[in-house]
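Chemist: Got a file for you: work-v7.cif, mmCIF, C-alpha atoms and all ligand atoms.
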```cif
data_structure
#
loop_
_atom_site.label_atom_id
_atom_site.label_comp_id
_atom_site.auth_asym_id
_atom_site.auth_seq_id
_atom_site.Cartn_x
_atom_site.Cartn_y
_atom_site.Cartn_z
CA MET O 29 21.44 0.47 -24.25
CA LYS O 30 20.33 1.93 -20.96
CA GLU O 31 22.29 0.98 -17.89
CA THR O 32 20.11 -0.77 -15.35
CA LYS O 33 19.97 1.10 -12.07
CA ARG O 34 19.54 -0.58 -8.71
CA PRO O 35 15.75 -0.60 -8.26
CA ALA O 36 16.04 1.08 -4.85
CA ASP O 37 18.07 3.97 -6.32
CA ARG O 38 15.56 4.40 -9.08
CA LEU O 39 12.70 4.47 -6.54
CA LYS O 40 14.59 6.98 -4.42
CA LYS O 41 14.77 9.37 -7.36
CA VAL O 42 11.09 8.87 -8.20
CA LEU O 43 10.05 9.63 -4.61
CA MET O 44 12.32 12.69 -4.46
CA ILE O 45 10.83 14.16 -7.63
CA ASP O 46 7.34 13.44 -6.25
CA LYS O 47 8.24 15.41 -3.12
CA LEU O 48 9.48 18.31 -5.22
CA LYS O 49 6.26 18.34 -7.23
CA SER O 50 3.92 17.41 -4.36
CA ALA O 51 0.73 19.22 -3.42
CA SER O 52 2.66 21.61 -1.17
CA ASN O 53 4.28 22.81 -4.40
CA LEU O 54 7.82 22.94 -3.10
CA GLU O 55 9.10 23.28 -6.65
CA GLU O 56 7.15 26.50 -7.35
CA LEU O 57 8.13 27.95 -3.98
CA LEU O 58 11.80 27.31 -4.68
CA LYS O 59 11.60 28.75 -8.17
CA ASN O 60 9.77 31.91 -7.10
CA ASP O 61 11.99 32.55 -4.10
CA ALA O 62 15.13 31.95 -6.13
CA ARG O 63 13.96 34.32 -8.85
CA ILE O 64 13.13 37.11 -6.37
CA LEU O 65 16.44 36.68 -4.59
CA LEU O 66 18.51 36.51 -7.74
CA GLU O 67 16.77 39.47 -9.36
CA ASN O 68 18.29 41.71 -6.70
CA TYR O 69 21.71 40.90 -8.03
CA PHE O 70 21.32 39.82 -11.63
CA GLU O 71 19.39 40.79 -14.69
CA LEU O 72 17.75 37.44 -15.38
CA THR O 73 16.81 36.44 -18.89
CA ALA O 74 13.17 35.74 -19.64
CA GLY O 75 13.43 31.98 -19.10
CA ALA O 76 12.07 30.76 -15.80
CA VAL O 77 14.20 29.28 -13.06
CA ARG O 78 14.45 25.54 -13.62
CA THR O 79 14.79 22.79 -11.06
CA GLY O 80 16.57 19.50 -11.42
CA LEU O 81 17.16 16.53 -9.25
CA ASN O 82 19.79 13.86 -9.53
CA ILE O 83 21.41 11.19 -7.46
CA ASP O 84 25.19 11.15 -7.83
CA GLU O 85 27.58 8.22 -7.80
CA LYS O 86 27.99 8.56 -4.01
CA ASN O 87 24.19 8.13 -3.71
CA LEU O 88 23.75 11.74 -2.58
CA ILE O 89 20.96 13.90 -3.91
CA ASN O 90 21.73 16.99 -5.98
CA ILE O 91 18.93 19.52 -6.01
CA GLU O 92 19.71 22.05 -8.72
CA LEU O 93 18.17 25.43 -9.40
CA THR O 94 19.18 26.88 -12.75
CA ALA O 95 18.66 30.48 -13.85
CA LYS O 96 20.12 32.38 -16.76
CA ALA O 97 21.48 35.86 -16.12
CA ALA O 98 22.47 38.37 -18.82
CA ASN O 99 24.07 40.95 -16.55
CA ILE O 100 25.03 41.90 -13.04
CA LYS O 101 23.00 44.52 -11.19
CA ARG O 102 24.73 46.65 -8.61
CA PHE O 103 22.85 49.07 -6.35
CA GLY O 104 20.08 49.17 -8.89
CA ILE O 105 22.50 50.11 -11.70
CA ILE O 106 22.93 47.68 -14.54
CA LEU O 107 26.57 47.42 -15.58
CA LYS O 108 26.85 47.07 -19.31
CA MET V 11 -14.88 -1.84 20.94
CA GLY V 12 -13.07 -3.92 18.33
CA ARG V 13 -10.23 -2.71 16.16
CA LYS V 14 -11.12 -1.28 12.75
CA LEU V 15 -8.45 -2.05 10.14
CA VAL V 16 -8.42 -0.80 6.57
CA PHE V 17 -6.15 -2.33 3.92
CA THR V 18 -5.35 0.24 1.28
CA SER V 19 -2.70 0.82 -1.40
CA GLY V 20 -3.49 3.43 -4.01
CA LYS V 21 -2.47 1.02 -6.75
CA GLY V 22 -4.76 -1.83 -7.76
CA GLY V 23 -3.81 -5.47 -7.92
CA VAL V 24 -1.18 -5.42 -5.17
CA GLY V 25 -3.08 -7.81 -2.90
CA LYS V 26 -5.43 -5.78 -0.67
CA THR V 27 -8.33 -8.19 -1.06
CA THR V 28 -6.02 -11.20 -0.71
CA MET V 29 -4.54 -9.75 2.48
CA CYS V 30 -7.94 -8.85 3.96
CA ALA V 31 -9.30 -12.34 3.34
CA ASN V 32 -6.30 -14.24 4.62
CA ILE V 33 -5.50 -12.02 7.59
CA GLY V 34 -9.18 -12.25 8.50
CA ILE V 35 -9.02 -16.04 8.39
CA ALA V 36 -5.72 -16.05 10.31
CA LEU V 37 -7.10 -13.81 13.04
CA SER V 38 -10.14 -16.01 13.45
CA MET V 39 -7.82 -19.04 13.64
CA LEU V 40 -6.13 -17.15 16.49
CA GLY V 41 -9.47 -17.07 18.30
CA GLN V 42 -10.65 -13.61 17.30
CA LYS V 43 -14.16 -12.68 16.25
CA VAL V 44 -13.69 -11.08 12.83
CA VAL V 45 -15.89 -9.40 10.23
CA MET V 46 -14.59 -8.42 6.80
CA VAL V 47 -16.29 -5.57 4.99
CA ASP V 48 -15.99 -5.04 1.26
CA ALA V 49 -15.60 -1.30 0.69
CA ASP V 50 -14.67 -1.83 -2.94
CA ILE V 51 -18.23 -1.11 -3.98
CA GLY V 52 -18.86 -1.88 -7.65
CA LEU V 53 -15.60 -3.78 -8.15
CA ASN V 54 -16.18 -6.11 -5.22
CA ASN V 55 -14.13 -9.29 -5.00
CA LEU V 56 -14.00 -10.19 -1.35
CA ASP V 57 -17.12 -12.34 -1.77
CA VAL V 58 -15.40 -14.33 -4.51
CA VAL V 59 -12.11 -14.73 -2.65
CA MET V 60 -14.06 -15.89 0.41
CA CYS V 61 -16.28 -18.15 -1.77
CA VAL V 62 -19.57 -16.67 -0.58
CA GLU V 63 -20.76 -15.03 -3.81
CA ASN V 64 -23.73 -17.38 -4.03
CA LYS V 65 -24.74 -16.76 -0.42
CA VAL V 66 -25.25 -13.02 -0.77
CA ALA V 67 -28.83 -12.06 0.11
CA TYR V 68 -28.28 -8.46 1.18
CA ASP V 69 -25.27 -6.21 0.95
CA VAL V 70 -23.86 -3.05 2.46
CA ALA V 71 -25.99 -0.88 0.15
CA ASP V 72 -29.17 -2.61 1.39
CA VAL V 73 -28.14 -1.89 4.98
CA VAL V 74 -27.62 1.80 4.21
CA GLU V 75 -30.97 2.01 2.44
CA GLY V 76 -32.75 0.28 5.32
CA LYS V 77 -33.82 -2.69 3.21
CA CYS V 78 -32.48 -5.07 5.85
CA ARG V 79 -30.91 -5.09 9.28
CA LEU V 80 -27.11 -5.18 9.51
CA LYS V 81 -27.23 -8.67 11.00
CA GLN V 82 -29.19 -10.01 8.02
CA ALA V 83 -26.50 -8.90 5.60
CA LEU V 84 -23.68 -10.69 7.40
CA ILE V 85 -22.59 -14.03 5.98
CA GLN V 86 -21.01 -16.53 8.35
CA ASP V 87 -17.95 -18.35 7.03
CA ALA V 88 -18.41 -22.06 6.31
CA ASP V 89 -15.19 -23.15 8.05
CA PHE V 90 -14.71 -20.55 10.78
CA PRO V 91 -17.82 -19.78 12.84
CA SER V 92 -16.25 -16.63 14.35
CA LEU V 93 -15.68 -15.15 10.88
CA TYR V 94 -18.27 -13.09 9.01
CA ILE V 95 -18.39 -11.17 5.73
CA LEU V 96 -20.36 -8.07 4.87
CA PRO V 97 -20.36 -8.09 1.07
CA SER V 98 -20.87 -5.26 -1.38
CA PHE V 99 -22.52 -7.05 -4.20
CA HIS V 100 -24.50 -4.57 -6.22
CA ASN V 101 -22.95 -2.66 -9.02
CA TYR V 102 -25.20 0.34 -8.70
CA ASP V 103 -25.07 3.90 -7.60
CA THR V 104 -23.05 4.30 -4.45
CA ALA V 105 -24.31 7.83 -3.74
CA ASN V 106 -26.22 6.65 -0.67
CA ILE V 107 -23.20 5.01 0.84
CA THR V 108 -21.69 8.21 2.16
CA ALA V 109 -18.62 8.27 4.39
CA PRO V 110 -20.72 8.95 7.54
CA ASN V 111 -23.18 6.16 6.63
CA PHE V 112 -20.36 3.73 6.09
CA LYS V 113 -18.59 4.79 9.27
CA SER V 114 -21.71 4.21 11.32
CA ILE V 115 -21.98 0.64 9.94
CA ILE V 116 -18.34 -0.02 10.83
CA ASP V 117 -18.78 1.47 14.31
CA THR V 118 -21.84 -0.73 14.92
CA LEU V 119 -19.91 -3.81 13.79
CA SER V 120 -16.95 -2.96 16.03
CA VAL V 121 -19.18 -3.35 19.08
CA GLY V 122 -19.78 -7.04 18.39
CA PHE V 123 -16.44 -8.04 16.85
CA ASP V 124 -12.77 -8.01 17.88
CA PHE V 125 -11.70 -7.00 14.39
CA VAL V 126 -13.47 -5.21 11.54
CA ILE V 127 -11.35 -5.57 8.38
CA ILE V 128 -12.13 -3.16 5.56
CA ASP V 129 -11.11 -3.94 1.98
CA CYS V 130 -10.43 -0.54 0.40
CA PRO V 131 -10.86 0.17 -3.32
CA ALA V 132 -7.86 1.24 -5.41
CA GLY V 133 -7.39 4.92 -6.07
CA ILE V 134 -7.45 7.93 -3.74
CA ASP V 135 -10.88 9.39 -4.43
CA SER V 136 -14.18 9.22 -2.56
CA GLY V 137 -14.12 5.42 -2.21
CA PHE V 138 -10.74 5.64 -0.52
CA HIS V 139 -11.98 8.36 1.81
CA ARG V 140 -15.13 6.41 2.69
CA ALA V 141 -13.09 3.35 3.66
CA VAL V 142 -10.31 5.15 5.53
CA ALA V 143 -12.56 7.56 7.41
CA ALA V 144 -14.30 4.56 9.00
CA ALA V 145 -11.10 2.91 10.23
CA SER V 146 -8.96 3.34 13.31
CA GLU V 147 -5.84 1.72 11.82
CA ALA V 148 -4.55 1.53 8.26
CA TYR V 149 -2.27 -0.98 6.60
CA VAL V 150 -0.74 0.07 3.31
CA VAL V 151 -0.17 -2.87 0.99
CA THR V 152 2.53 -2.60 -1.64
CA THR V 153 4.61 -4.87 -3.85
CA PRO V 154 8.37 -4.33 -4.36
CA HIS V 155 7.75 -2.55 -7.67
CA ILE V 156 8.56 1.11 -8.09
CA SER V 157 5.10 2.17 -9.22
CA ALA V 158 3.42 0.38 -6.30
CA VAL V 159 5.79 1.84 -3.70
CA ARG V 160 5.41 5.29 -5.20
CA ASP V 161 1.63 5.06 -4.81
CA ALA V 162 2.08 3.72 -1.28
CA ASP V 163 4.16 6.79 -0.47
CA LYS V 164 1.38 9.09 -1.68
CA VAL V 165 -1.25 7.12 0.21
CA MET V 166 0.80 7.32 3.40
CA ALA V 167 0.99 11.08 3.07
CA LEU V 168 -2.82 11.18 2.71
CA LEU V 169 -3.31 8.83 5.66
CA ASN V 170 -1.42 11.28 7.86
CA GLY V 171 -4.45 13.55 7.52
CA TYR V 172 -6.75 11.03 9.22
CA PRO V 173 -6.94 10.46 12.98
CA LEU V 174 -5.53 6.94 12.80
CA LEU V 175 -3.97 5.14 15.76
CA ASN V 176 -1.50 3.27 13.59
CA ILE V 177 -0.28 3.15 9.99
CA GLY V 178 1.36 -0.14 9.04
CA LEU V 179 3.06 -1.41 5.91
CA VAL V 180 2.69 -4.80 4.23
CA VAL V 181 5.17 -5.69 1.48
CA ASN V 182 3.50 -8.37 -0.62
CA ARG V 183 4.78 -10.59 -3.45
CA VAL V 184 8.45 -10.52 -2.49
CA ARG V 185 10.57 -12.89 -4.59
CA GLY V 186 13.39 -14.17 -2.40
CA ASP V 187 15.44 -15.33 -5.39
CA MET V 188 15.24 -11.90 -7.07
CA VAL V 189 16.06 -10.10 -3.83
CA ILE V 190 19.22 -12.17 -3.47
CA SER V 191 20.26 -11.53 -7.07
CA GLY V 192 19.71 -7.77 -6.55
CA GLU V 193 16.97 -7.52 -9.19
CA MET V 194 14.23 -6.76 -6.67
CA MET V 195 14.12 -4.19 -3.91
CA THR V 196 14.32 -5.58 -0.42
CA ALA V 197 11.63 -4.80 2.12
CA GLY V 198 14.43 -2.98 3.98
CA ASP V 199 14.96 -0.64 1.00
CA ILE V 200 11.24 0.05 0.87
CA SER V 201 10.82 0.71 4.57
CA ARG V 202 13.88 2.99 4.57
CA LEU V 203 12.50 5.06 1.70
CA LEU V 204 8.96 5.17 3.10
CA ARG V 205 10.25 5.71 6.65
CA CYS V 206 7.96 3.02 7.98
CA THR V 207 8.79 -0.38 9.49
CA PRO V 208 6.87 -3.19 7.80
CA THR V 209 4.27 -5.06 9.82
CA GLY V 210 4.60 -7.96 7.44
CA ILE V 211 6.50 -9.25 4.45
CA ILE V 212 4.70 -11.77 2.27
CA PRO V 213 6.41 -13.88 -0.39
CA ASP V 214 5.14 -14.24 -3.92
CA ASP V 215 3.68 -17.71 -3.99
CA ASP V 216 1.92 -19.55 -6.81
CA THR V 217 -0.34 -21.31 -4.31
CA VAL V 218 -2.15 -17.96 -3.92
CA THR V 219 -2.89 -17.91 -7.62
CA VAL V 220 -4.55 -21.31 -7.25
CA ASN V 221 -6.34 -20.58 -3.96
CA SER V 222 -6.82 -16.92 -3.04
CA ASP V 223 -8.08 -17.93 0.40
CA ILE V 224 -4.90 -19.91 1.00
CA MET V 225 -5.13 -19.77 4.81
CA ARG V 226 -8.17 -22.03 4.62
CA HIS V 227 -6.33 -24.74 2.72
CA ASN V 228 -4.36 -27.63 4.05
CA THR V 229 -1.24 -27.10 1.95
CA GLU V 230 2.06 -26.25 3.60
CA CYS V 231 3.47 -23.16 1.95
CA GLU V 232 5.62 -20.12 2.59
CA VAL V 233 2.84 -17.62 2.20
CA LYS V 234 0.73 -19.21 4.93
CA GLN V 235 3.55 -18.94 7.44
CA ALA V 236 4.19 -15.33 6.49
CA ILE V 237 0.52 -14.36 6.78
CA MET V 238 0.22 -16.06 10.16
CA ILE V 239 3.24 -14.09 11.44
CA LEU V 240 1.68 -10.89 10.09
CA ALA V 241 -1.64 -11.67 11.79
CA GLU V 242 0.17 -12.33 15.08
CA ASN V 243 2.01 -9.02 14.71
CA ILE V 244 -1.29 -7.21 14.16
CA LEU V 245 -2.85 -8.96 17.14
CA SER V 246 -0.04 -8.54 19.63
CA GLY V 247 2.04 -5.62 18.34
CA LYS V 248 5.02 -7.95 17.86
CA ARG V 249 7.49 -7.21 15.07
CA ARG V 250 8.42 -10.64 13.76
CA ILE V 251 9.23 -10.70 10.07
CA TYR V 252 9.18 -13.62 7.68
CA ASP V 253 12.45 -13.98 5.75
CA CYS V 254 11.53 -14.53 2.10
CA THR V 255 15.16 -15.11 1.12
CA ASP V 256 15.77 -17.94 3.58
CA ASP V 257 14.75 -20.61 1.07
CA TYR V 258 17.24 -19.35 -1.48
CA ARG V 259 20.38 -19.44 0.66
CA GLY V 260 22.92 -22.25 0.77
CA ILE V 261 23.57 -24.80 -1.96
CA PHE V 262 20.01 -26.09 -2.22
CA GLY V 263 18.69 -22.56 -2.13
CA LYS V 264 20.87 -21.49 -5.04
CA LEU V 265 19.67 -24.51 -6.98
CA LYS V 266 16.06 -23.61 -6.21
CA ALA V 267 16.63 -20.04 -7.40
CA ARG V 268 18.14 -21.39 -10.64
CA LEU V 269 15.20 -23.69 -11.22
CA LYS V 270 12.74 -20.87 -10.53
CA LYS V 271 14.52 -18.78 -13.19
CA MET V 272 14.37 -21.60 -15.74
CA PHE V 273 10.69 -22.34 -15.46
N1 LIG O 301 1.61 -13.18 -2.24
C1 LIG O 301 1.07 -13.42 -3.44
N2 LIG O 301 1.62 -14.36 -4.26
C2 LIG O 301 1.09 -14.60 -5.48
N3 LIG O 301 0.00 -13.98 -5.96
C3 LIG O 301 -0.60 -13.04 -5.20
C4 LIG O 301 -0.10 -12.71 -3.91
N4 LIG O 301 -0.91 -11.74 -3.38
C5 LIG O 301 -1.84 -11.47 -4.31
N5 LIG O 301 -1.68 -12.24 -5.40
C6 LIG O 301 -2.50 -12.24 -6.63
O1 LIG O 301 -2.54 -10.92 -7.14
C7 LIG O 301 -3.80 -10.66 -7.75
C8 LIG O 301 -4.38 -9.37 -7.22
O2 LIG O 301 -4.68 -9.50 -5.86
P1 LIG O 301 -5.88 -8.73 -5.16
O3 LIG O 301 -5.88 -9.15 -3.74
O4 LIG O 301 -7.14 -8.91 -5.92
O5 LIG O 301 -5.37 -7.22 -5.30
P2 LIG O 301 -6.17 -5.86 -4.96
O6 LIG O 301 -7.30 -6.19 -4.06
O7 LIG O 301 -5.12 -4.99 -4.30
O8 LIG O 301 -6.59 -5.29 -6.27
C9 LIG O 301 -4.68 -11.86 -7.46
O9 LIG O 301 -4.74 -12.63 -8.61
C10 LIG O 301 -3.95 -12.59 -6.35
O10 LIG O 301 -4.16 -13.96 -6.41
MG MG O 302 -9.40 -5.75 -4.31
#
```
How does the structure come out when it is put into structure tokens?
Modeler:
Amino acid sequence: MKETKRPADRLKKVLMIDKLKSASNLEELLKNDARILLENYFELTAGAVRTGLNIDEKNLINIELTAKAANIKRFGIILK
Amino acid sequence: MGRKLVFTSGKGGVGKTTMCANIGIALSMLGQKVVMVDADIGLNNLDVVMCVENKVAYDVADVVEGKCRLKQALIQDADFPSLYILPSFHNYDTANITAPNFKSIIDTLSVGFDFVIIDCPAGIDSGFHRAVAAASEAYVVTTPHISAVRDADKVMALLNGYPLLNIGLVVNRVRGDMVISGEMMTAGDISRLLRCTPTGIIPDDDTVTVNSDIMRHNTECEVKQAIMILAENILSGKRRIYDCTDDYRGIFGKLKARLKKMF
């Protein structure tokens, strides 16, 4: 059985996700910028950067960016 | 120049037409000269809610096409002589009713009336644009349901792109008993999330199901009081709010909430 959320909390999450995916494309901007930034330091695996959004038990919003890295890059040299 | 109000929502069935009709009646009860315009062309209902469907001779499309003068298309209300309706009756091609054409009709009406009230179609396509582009103020109607508020949020973002003097919020169909039990969002929750103070909060009331033009009827009910307060707020800029939970507080209130649940 699913736990029933307070309707206002549920709406908050819906509106947040809408903002992330809105016409201004915040989600894509975040993903692209994060990938470019991270690629200076890490050898990222092929999977794209993912975004996630959750509201925690303190009613605060967690905006998560997840990337998978196989290795660390240092001064252009890949350490194996 | 009169004020040009559009009632919009994104989502259908939240009470735009009901609000237009009853706020129009309320404003004319408050001594204002009011004309309501049905911009929901093709899925018109304002004529039915206002009980004038059999009086329609010409409609907004005929005005645009020059088949009649604007004055000929206006229908005077049977009870309130300072209230008029411009119907949109025909279910045909709306290509001629462009946004500029529609705006010029609204502008002409605003010269002779204190209020022009535009009933906007659901959705956010050309019909929405046509209705909103003609208005000087917008009121977003929502119910306390997540999908309706979500659409209201999107509509508000779109409205920011229009040169409107004011964007208001009307929370319709609030169930005081469900608000108290925590099952329904409060208007406070909604206004906090939409970052917009409501101009009016309207209770869910079965009398509206029976008579859509409830303001015209002689019954005493919650919804009439709430709509009158909303109309006064629109007229004077006041911020009085009807408390939908008032009836469900105290011992008798709790009993009433119980009974409402049972039946
Ligand atoms: N406050 C209310 N209480 C009860 N029923 C309502 C209320 N407001 C609207 N309704 C009902 O909801 C339905 C849809 O309303 P309508 O005004 O046609 O919505 P819209 O124009 O946004 O599509 C109608 O049957 C109407 O009677
Ligand atoms: Mg309608």
Chemist: Counting only C-alpha atoms, a student should be able to say which residues of chain V come within 9 Å of chain O; what is the right answer, written as a list in words?
Modeler: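 Within 9 Å of chain O on chain V, we get His155, Ile156, Ser157, Val159, Arg160, Asp163, Lys164, Gly192, Glu193, Met194, Met195, Thr196, Asp199, Ile200, Leu203 and Leu204 of chain V.
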Chemist: Residues near stretch 251-255 of chain V, anyone? I mean within 10 Å using all atoms listed in the file, not counting same-chain ones fewer than 2 positions away, as a PyMOL selection string.
Modeler: chain V and resi 183-190+196-197+208-214+232-233+235-240+243+248-249+257-259+263+267
Chemist: At a cut-off of 8 Å and counting all atoms listed in the file, what residues surround ligand MG 302 (chain O)? Please answer as a PyMOL selection string.
Modeler: chain V and resi 22-23+25-28+50+53-56+129-132
Chemist: Mind giving me the straight-line distance from atom CA of V:Thr104 to atom CA of V:Ile116 in Å, one decimal?
Modeler: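 If I compute the distance from atom CA of V:Thr104 to atom CA of V:Ile116, I get 16.6 Å.
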Chemist: Can you pull out every residue within 8 Å of O:Gly75, counting all atoms listed in the file, but drop anything in the same chain fewer than 2 positions away, and send it as a short mmCIF file (atom, residue, chain, number, x, y, z; two decimals) with C-alpha atoms, in the coordinates of the input?
Modeler:
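Result went into around_17.cif, see below:
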```cif
data_model
loop_
_atom_site.label_atom_id
_atom_site.label_comp_id
_atom_site.auth_asym_id
_atom_site.auth_seq_id
_atom_site.Cartn_x
_atom_site.Cartn_y
_atom_site.Cartn_z
CA LEU O 72 17.75 37.44 -15.38
CA THR O 73 16.81 36.44 -18.89
CA VAL O 77 14.20 29.28 -13.06
CA ALA O 95 18.66 30.48 -13.85
CA LYS O 96 20.12 32.38 -16.76
#
```
Chemist: Which of these, V:Gly247, V:Gly171, V:Gly198, V:Gly20, has the shortest distance to ligand LIG 301 (chain O) once you count only C-alpha atoms and all ligand atoms?
Modeler: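 Of V:Gly247, V:Gly171, V:Gly198, V:Gly20, the one nearest ligand LIG 301 (chain O) is V:Gly20, counting only C-alpha atoms and all ligand atoms.
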Chemist: I'd like the box whose edges run along x, y and z of the file and which contains every listed atom of ligand LIG 301 (chain O), padded by 8 Å per side; could you state its centre and edge lengths in Å, one decimal, as lines of an AutoDock Vina configuration file?
Modeler:
```
center_x = -2.8
center_y = -9.8
center_z = -5.4
size_x = 24.9
size_y = 25.6
size_z = 22.4
```
Chemist: Can you pull out the residues contacting O:Thr94? Cut-off 12 Å, using all atoms listed in the file, and skip same-chain residues under 2 positions away; I want them as a list in words.
Modeler: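 With the cut-off at 12 Å, the set is Leu58, Lys59, Ala62, Arg63, Leu66, Leu72, Thr73, Gly75, Ala76, Val77, Arg78, Thr79, Gly80, Leu81, Ile91, Glu92, Lys96 and Ala97 of chain O.
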Chemist: By how many Å are atom CA of V:Pro110 and atom CA of V:Gly122 apart?
Modeler: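 For atom CA of V:Pro110 relative to atom CA of V:Gly122, the distance reads 19.3 Å.
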Chemist: Between atom CA of V:Ser98 and atom CA of V:Lys234, what is the distance, to one decimal in Å?
Modeler: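 Going from atom CA of V:Ser98 over to atom CA of V:Lys234, I get 26.5 Å.
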Chemist: Using all atoms listed in the file, pick whichever of V:Asp72, V:Val45, V:Cys61, V:Phe112 has the shortest atom-to-atom distance to V:Leu96.
Modeler: V:Val45
Chemist: Would you mind telling me which residue in V:Ile177, V:Ala49, V:Ala88, V:Ala144 lies nearest to V:Thr118 when using only C-alpha atoms?
Modeler: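 Closest to V:Thr118, using only C-alpha atoms: V:Ala144.
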Chemist: For V:Gln82, find every residue with an atom within 10 Å (counting all atoms listed in the file), except residues of its own chain fewer than 5 positions away, and show them as a PDB file with C-alpha atoms, keeping the file's coordinate frame.
Modeler:
```
ATOM      1  CA  ALA V  67     -28.830 -12.060   0.110  1.00  0.00           C
ATOM      2  CA  TYR V  68     -28.280  -8.460   1.180  1.00  0.00           C
ATOM      3  CA  ASP V  69     -25.270  -6.210   0.950  1.00  0.00           C
ATOM      4  CA  ASP V  72     -29.170  -2.610   1.390  1.00  0.00           C
ATOM      5  CA  VAL V  73     -28.140  -1.890   4.980  1.00  0.00           C
ATOM      6  CA  LYS V  77     -33.820  -2.690   3.210  1.00  0.00           C
ATOM      7  CA  LEU V  96     -20.360  -8.070   4.870  1.00  0.00           C
TER       8      LEU V  96
END
```
Chemist: For ligand LIG 301 (chain O), which residue out of V:Leu80, V:Met29, V:Ala143, V:Leu15 is the nearest one, using only C-alpha atoms and all ligand atoms?
Modeler: V:Met29
Chemist: Counting only C-alpha atoms, which residues come within 12 Å of (-6.6, -16.6, 11.0), with the point read in the file's coordinates, and could you list them as number ranges by chain?
Modeler: V: 29-45, 89-93, 125, 223-227, 234-242, 244-245
Chemist: Just add all heavy atoms to stretch 251-256 of chain V and send it as an mmCIF file, keeping the file's coordinate frame.
Modeler:
```cif
data_model
loop_
_atom_site.group_PDB
_atom_site.id
_atom_site.type_symbol
_atom_site.label_atom_id
_atom_site.label_comp_id
_atom_site.auth_asym_id
_atom_site.auth_seq_id
_atom_site.Cartn_x
_atom_site.Cartn_y
_atom_site.Cartn_z
ATOM 1 N N ILE V 251 9.301 -10.854 11.518
ATOM 2 C CA ILE V 251 9.230 -10.700 10.070
ATOM 3 C C ILE V 251 9.636 -12.006 9.401
ATOM 4 O O ILE V 251 10.624 -12.633 9.781
ATOM 5 C CB ILE V 251 10.143 -9.532 9.625
ATOM 6 C CG1 ILE V 251 9.530 -8.181 10.029
ATOM 7 C CG2 ILE V 251 10.427 -9.572 8.144
ATOM 8 C CD1 ILE V 251 8.214 -7.833 9.360
ATOM 9 N N TYR V 252 8.872 -12.415 8.423
ATOM 10 C CA TYR V 252 9.180 -13.620 7.680
ATOM 11 C C TYR V 252 10.311 -13.329 6.695
ATOM 12 O O TYR V 252 10.276 -12.328 5.986
ATOM 13 C CB TYR V 252 7.924 -14.084 6.921
ATOM 14 C CG TYR V 252 8.145 -15.366 6.172
ATOM 15 C CD1 TYR V 252 8.033 -16.584 6.834
ATOM 16 C CD2 TYR V 252 8.486 -15.356 4.829
ATOM 17 C CE1 TYR V 252 8.261 -17.770 6.153
ATOM 18 C CE2 TYR V 252 8.704 -16.538 4.146
ATOM 19 C CZ TYR V 252 8.596 -17.734 4.811
ATOM 20 O OH TYR V 252 8.833 -18.898 4.150
ATOM 21 N N ASP V 253 11.323 -14.187 6.661
ATOM 22 C CA ASP V 253 12.450 -13.980 5.750
ATOM 23 C C ASP V 253 12.221 -14.712 4.432
ATOM 24 O O ASP V 253 12.346 -15.926 4.347
ATOM 25 C CB ASP V 253 13.750 -14.465 6.418
ATOM 26 C CG ASP V 253 14.968 -14.197 5.539
ATOM 27 O OD1 ASP V 253 14.787 -13.627 4.433
ATOM 28 O OD2 ASP V 253 16.083 -14.541 5.957
ATOM 29 N N CYS V 254 11.862 -13.943 3.403
ATOM 30 C CA CYS V 254 11.530 -14.530 2.100
ATOM 31 C C CYS V 254 12.764 -15.077 1.380
ATOM 32 O O CYS V 254 12.644 -15.789 0.386
ATOM 33 C CB CYS V 254 10.872 -13.493 1.202
ATOM 34 S SG CYS V 254 9.342 -12.874 1.856
ATOM 35 N N THR V 255 13.958 -14.683 1.835
ATOM 36 C CA THR V 255 15.160 -15.110 1.120
ATOM 37 C C THR V 255 15.753 -16.392 1.704
ATOM 38 O O THR V 255 16.639 -16.993 1.108
ATOM 39 C CB THR V 255 16.252 -14.016 1.183
ATOM 40 O OG1 THR V 255 16.582 -13.784 2.564
ATOM 41 C CG2 THR V 255 15.780 -12.729 0.557
ATOM 42 N N ASP V 256 15.224 -16.788 2.853
ATOM 43 C CA ASP V 256 15.770 -17.940 3.580
ATOM 44 C C ASP V 256 15.873 -19.184 2.701
ATOM 45 O O ASP V 256 16.873 -19.887 2.716
ATOM 46 C CB ASP V 256 14.879 -18.211 4.788
ATOM 47 C CG ASP V 256 15.674 -18.892 5.881
ATOM 48 O OD1 ASP V 256 16.865 -18.564 6.010
ATOM 49 O OD2 ASP V 256 15.109 -19.759 6.573
#
```
